[in-house]
Amino acid sequence: MHASSSTSSSTSSTSGSYDVLVIGGGVVGLATAWRAAQRGLRTVVADPAPGSGASQVAAGMLAAAAELYYGEQRLLALNLASARRYPEFTAELEEASGQDTGYRACGTLAVALDSDDRAHLRELHTLQVECGLDAQWLSGRECRRLEPMLAPGVRGGVRVDGDHQTDPRRLVAALLTACERAGVAFRRAAAVRLLTAHDRATGAELSDGTRVSAWRTVLAAGSRSGSLAGVPEHVLPPVRPVKGQILRLRVPGAYAPFLSRTVRAVVRGGHVYLVPRENGELVVGATTEELGWDTTVTAGGVYELLRDAHELVPGITELPLVETRAGLRPGSPDNAPLLGPTALPGLLAATGHYRNGVLLAPLTGDVMAEALATGRLPEEARPFSPLRFSNALQELTV
Ligand code: GLY
């Protein structure tokens with residue numbers, strides 16, 4: 001793929017020139033646009049339906065500690081830094097938008113159902129403690145005392161009071177309003193090609209045939225970030241779609257409180273989590289499937305989630321099942337995001353957040369706005385520069 005010139009099409013018209021064009025109006029793109037506009041940057045978001053992508057599917061767990069994996073300690077530091085920002089970010093966003101975002105400091109309980117799962121959870125707990133996290137090992141009885149709906153066979157668990165939740169649907173709705181109130185412009189069309197001139201990104205051509213010019217362009221298109229035409233091959237983020245199927249159930253008043261915190265487990269090697277909201281919604285997720293762009297909800301996916309969730313909390317079979325959805329996580333080769341300037345001047349990335357898009361939204365907005373306003377990426381985000389992949393690709397090809 002080669003960089004295209006901004007004069008490559010004679011049919012499109014240029015509509016407006018901005019300081020910042022954000023390609024993608026998901027939780028990451030909107031947080032970036034909001035923070036950029038607050039810095040006084042003239043900002044526009046290009047998206048055919050802002051707020052309607054993966055954030056409509058996501059459960060909204062802010063699970064920095066509960067979703068810790070070996071080898072991802074550097075990502076843990078980033079996740080924790082963003083989790084710490086959540087209360088203030090939420091308060092500021094709710095004030096700016098006049099909307100509630102469903103943030104709940106409810107904590108998480110990870111449990112084990114058999115001896116294999118228990119051994120796995122023990123290892124996770126050891127890692128959490130080594131990383132200085134506040135995680136407490138509980139017996140099965142102690143777990144059931146905290147959450148009486150848990151299955152009698154629960155063998156033990158880890159209580160993490162610092163892993164909270166938010167409601168991604170309300171979060172993006174609030175971000176949309178906050179962006180509009182901060183003066184962010186919206187172009188309801190998809191970016192189809194990056195525009196470049198003199199080896200610099202200059203904006204994008206949109207699906208409606210118009211062009212948007214901008215001094216800096218941010219690629220924040222989630223799982224689609226790796227396929228934008230016009231981006232040179234060594235600059236294109238190595239982001240792929242990773243499918244997640246998820247269910248929404250409703251807890252009728254007679255059953256409340258059903259669960260008081262997020263409950264999760266690894267069952268037969270697969271992750272299952274139940275996220276209870278204050279409004280009675282219970283989110284059960286999620287599959288992890290490498291199936292390209294497929295977003296079909298399958299009988300097998302729903303069956304596995306219900307089977308595993310039922311083993312954890314048998315009472316869920318009484319609840320109305322109100323929604324099944326599938327979404328695409330933007331996976332990167334090291335499961336960590338790409339943040340900041342790319343190898344192409346004028347083009348920045350805010351993508352590849354994989355399992356942590358909602359969790360990392362506050363930090364992403366802050367570090368991207370700093371990079372856009374000052375040209376400097378804050379220290380905490382530097383290990384996540386997109387250049388870690390561009391450099392590797394260039395070294396392979398010379
Ligand atoms: N962080 C939850 C998920 O990706 O399923």
# chains A, B, ... in the order shown; residues from 1 in each chain; ligands from 1
$ residues_near_ligand --ligand "ligand 1" --cutoff "8 Å" --atoms "only C-alpha atoms and all ligand atoms" --output "ChimeraX atom specification"
/A:58-63,67,244,285-288,329,354-356
$ write_last_selection --atoms "all heavy atoms" --output "mmCIF file, in the first residue's frame"
data_model
loop_
_atom_site.group_PDB
_atom_site.id
_atom_site.type_symbol
_atom_site.label_atom_id
_atom_site.label_comp_id
_atom_site.auth_asym_id
_atom_site.auth_seq_id
_atom_site.Cartn_x
_atom_site.Cartn_y
_atom_site.Cartn_z
ATOM 1 N N ALA A 58 -19.756 -4.062 24.934
ATOM 2 C CA ALA A 58 -18.865 -4.261 26.088
ATOM 3 C C ALA A 58 -19.624 -4.295 27.417
ATOM 4 O O ALA A 58 -20.633 -3.614 27.581
ATOM 5 C CB ALA A 58 -17.835 -3.135 26.127
ATOM 6 N N ALA A 59 -19.091 -5.079 28.355
ATOM 7 C CA ALA A 59 -19.727 -5.206 29.675
ATOM 8 C C ALA A 59 -19.382 -4.033 30.589
ATOM 9 O O ALA A 59 -20.133 -3.720 31.502
ATOM 10 C CB ALA A 59 -19.293 -6.511 30.330
ATOM 11 N N GLY A 60 -18.219 -3.415 30.380
ATOM 12 C CA GLY A 60 -17.848 -2.262 31.191
ATOM 13 C C GLY A 60 -17.128 -2.598 32.481
ATOM 14 O O GLY A 60 -17.043 -1.770 33.385
ATOM 15 N N MET A 61 -16.569 -3.825 32.558
ATOM 16 C CA MET A 61 -15.741 -4.151 33.740
ATOM 17 C C MET A 61 -14.469 -3.321 33.693
ATOM 18 O O MET A 61 -13.842 -3.203 32.644
ATOM 19 C CB MET A 61 -15.307 -5.612 33.679
ATOM 20 C CG MET A 61 -16.312 -6.581 34.140
ATOM 21 S SD MET A 61 -15.576 -8.205 34.016
ATOM 22 C CE MET A 61 -15.065 -8.253 32.341
ATOM 23 N N LEU A 62 -14.077 -2.787 34.823
ATOM 24 C CA LEU A 62 -12.815 -2.049 34.896
ATOM 25 C C LEU A 62 -11.860 -2.968 35.659
ATOM 26 O O LEU A 62 -11.555 -2.753 36.830
ATOM 27 C CB LEU A 62 -13.041 -0.704 35.589
ATOM 28 C CG LEU A 62 -14.194 0.127 34.967
ATOM 29 C CD1 LEU A 62 -14.451 1.406 35.769
ATOM 30 C CD2 LEU A 62 -13.919 0.457 33.507
ATOM 31 N N ALA A 63 -11.444 -4.040 34.953
ATOM 32 C CA ALA A 63 -10.845 -5.198 35.627
ATOM 33 C C ALA A 63 -9.330 -5.231 35.492
ATOM 34 O O ALA A 63 -8.765 -6.197 34.990
ATOM 35 C CB ALA A 63 -11.474 -6.479 35.069
ATOM 36 N N GLU A 67 -8.207 -9.140 35.394
ATOM 37 C CA GLU A 67 -7.821 -9.608 34.054
ATOM 38 C C GLU A 67 -6.318 -9.492 33.848
ATOM 39 O O GLU A 67 -5.848 -9.242 32.744
ATOM 40 C CB GLU A 67 -8.592 -8.855 32.970
ATOM 41 C CG GLU A 67 -10.054 -9.249 32.931
ATOM 42 C CD GLU A 67 -10.752 -9.007 31.588
ATOM 43 O OE1 GLU A 67 -10.132 -8.445 30.674
ATOM 44 O OE2 GLU A 67 -11.932 -9.388 31.488
ATOM 45 N N GLY A 244 -16.322 -11.171 20.371
ATOM 46 C CA GLY A 244 -16.832 -11.490 21.707
ATOM 47 C C GLY A 244 -18.347 -11.536 21.672
ATOM 48 O O GLY A 244 -18.980 -10.577 21.220
ATOM 49 N N GLY A 285 -20.696 -12.336 29.948
ATOM 50 C CA GLY A 285 -19.773 -12.402 28.804
ATOM 51 C C GLY A 285 -18.595 -13.265 29.148
ATOM 52 O O GLY A 285 -18.470 -13.741 30.267
ATOM 53 N N ALA A 286 -17.736 -13.402 28.275
ATOM 54 C CA ALA A 286 -17.816 -13.164 26.853
ATOM 55 C C ALA A 286 -16.945 -14.210 26.170
ATOM 56 O O ALA A 286 -15.941 -14.656 26.740
ATOM 57 C CB ALA A 286 -17.300 -11.766 26.509
ATOM 58 N N THR A 287 -17.321 -14.560 24.950
ATOM 59 C CA THR A 287 -16.470 -15.482 24.195
ATOM 60 C C THR A 287 -15.261 -14.715 23.649
ATOM 61 O O THR A 287 -15.282 -13.479 23.576
ATOM 62 C CB THR A 287 -17.238 -16.094 23.006
ATOM 63 O OG1 THR A 287 -17.591 -15.040 22.107
ATOM 64 C CG2 THR A 287 -18.493 -16.830 23.472
ATOM 65 N N THR A 288 -14.234 -15.417 23.271
ATOM 66 C CA THR A 288 -13.063 -14.830 22.610
ATOM 67 C C THR A 288 -12.786 -15.684 21.387
ATOM 68 O O THR A 288 -12.357 -16.838 21.511
ATOM 69 C CB THR A 288 -11.839 -14.836 23.552
ATOM 70 O OG1 THR A 288 -12.173 -14.096 24.731
ATOM 71 C CG2 THR A 288 -10.628 -14.188 22.901
ATOM 72 N N ARG A 329 -13.369 -6.875 19.388
ATOM 73 C CA ARG A 329 -12.315 -6.178 20.130
ATOM 74 C C ARG A 329 -11.162 -5.887 19.179
ATOM 75 O O ARG A 329 -10.838 -6.732 18.344
ATOM 76 C CB ARG A 329 -11.780 -7.049 21.264
ATOM 77 C CG ARG A 329 -12.807 -7.618 22.225
ATOM 78 C CD ARG A 329 -12.095 -8.557 23.195
ATOM 79 N NE ARG A 329 -12.980 -9.226 24.128
ATOM 80 C CZ ARG A 329 -13.584 -10.388 23.912
ATOM 81 N NH1 ARG A 329 -13.402 -11.033 22.765
ATOM 82 N NH2 ARG A 329 -14.351 -10.935 24.835
ATOM 83 N N TYR A 354 -7.861 -3.821 22.713
ATOM 84 C CA TYR A 354 -8.251 -5.223 22.945
ATOM 85 C C TYR A 354 -9.309 -5.360 24.029
ATOM 86 O O TYR A 354 -10.419 -4.922 23.857
ATOM 87 C CB TYR A 354 -6.994 -6.059 23.238
ATOM 88 C CG TYR A 354 -7.243 -7.550 23.253
ATOM 89 C CD1 TYR A 354 -8.116 -8.139 22.351
ATOM 90 C CD2 TYR A 354 -6.610 -8.400 24.175
ATOM 91 C CE1 TYR A 354 -8.361 -9.512 22.359
ATOM 92 C CE2 TYR A 354 -6.841 -9.775 24.179
ATOM 93 C CZ TYR A 354 -7.717 -10.311 23.278
ATOM 94 O OH TYR A 354 -7.963 -11.662 23.302
ATOM 95 N N ARG A 355 -8.971 -5.930 25.210
ATOM 96 C CA ARG A 355 -9.976 -6.155 26.253
ATOM 97 C C ARG A 355 -10.213 -4.928 27.130
ATOM 98 O O ARG A 355 -11.034 -4.976 28.045
ATOM 99 C CB ARG A 355 -9.509 -7.284 27.188
ATOM 100 C CG ARG A 355 -9.527 -8.643 26.561
ATOM 101 C CD ARG A 355 -9.086 -9.696 27.543
ATOM 102 N NE ARG A 355 -9.471 -11.007 27.056
ATOM 103 C CZ ARG A 355 -10.652 -11.569 27.272
ATOM 104 N NH1 ARG A 355 -11.551 -10.967 28.003
ATOM 105 N NH2 ARG A 355 -10.932 -12.755 26.780
ATOM 106 N N ASN A 356 -9.457 -3.854 26.879
ATOM 107 C CA ASN A 356 -9.416 -2.770 27.868
ATOM 108 C C ASN A 356 -9.832 -1.400 27.326
ATOM 109 O O ASN A 356 -9.416 -0.383 27.863
ATOM 110 C CB ASN A 356 -7.991 -2.687 28.447
ATOM 111 C CG ASN A 356 -7.601 -3.974 29.138
ATOM 112 O OD1 ASN A 356 -8.332 -4.454 30.011
ATOM 113 N ND2 ASN A 356 -6.494 -4.561 28.725
#
$ residues_around --residues "Arg277 (chain A)" --least-positions-apart "6" --cutoff "10 Å" --atoms "only C-alpha atoms" --output "list in words"
Ala59, Gly102, Tyr103, Arg104, Cys106, Gln165, Thr166, Asp167, Arg250, Val251, Leu259, Ser260, Arg261, Thr262 and Val283 of chain A
$ write_last_selection --atoms "C-alpha atoms" --output "short mmCIF file (atom, residue, chain, number, x, y, z; two decimals), in the first residue's frame"
data_model
loop_
_atom_site.label_atom_id
_atom_site.label_comp_id
_atom_site.auth_asym_id
_atom_site.auth_seq_id
_atom_site.Cartn_x
_atom_site.Cartn_y
_atom_site.Cartn_z
CA ALA A 59 -19.73 -5.21 29.67
CA GLY A 102 -23.50 4.08 35.60
CA TYR A 103 -20.07 4.01 37.29
CA ARG A 104 -20.15 1.68 40.32
CA CYS A 106 -18.67 -2.39 43.45
CA GLN A 165 -17.56 -1.15 36.56
CA THR A 166 -19.18 1.44 34.32
CA ASP A 167 -22.02 1.22 31.81
CA ARG A 250 -32.79 -8.75 33.51
CA VAL A 251 -33.07 -9.22 37.25
CA LEU A 259 -25.33 -10.21 42.81
CA SER A 260 -23.75 -7.22 44.53
CA ARG A 261 -20.47 -7.17 42.59
CA THR A 262 -18.95 -8.51 39.37
CA VAL A 283 -24.39 -8.75 31.59
#
$ closest_residue --among "A:Leu291, A:Leu359, A:Leu138, A:Leu121" --to "Val266 (chain A)" --atoms "only C-alpha atoms"
A:Leu121
$ closest_residue --among "A:Gly300, A:Pro238, A:Pro345, A:Pro87" --to "Asp199 (chain A)" --atoms "only C-alpha atoms"
A:Pro345
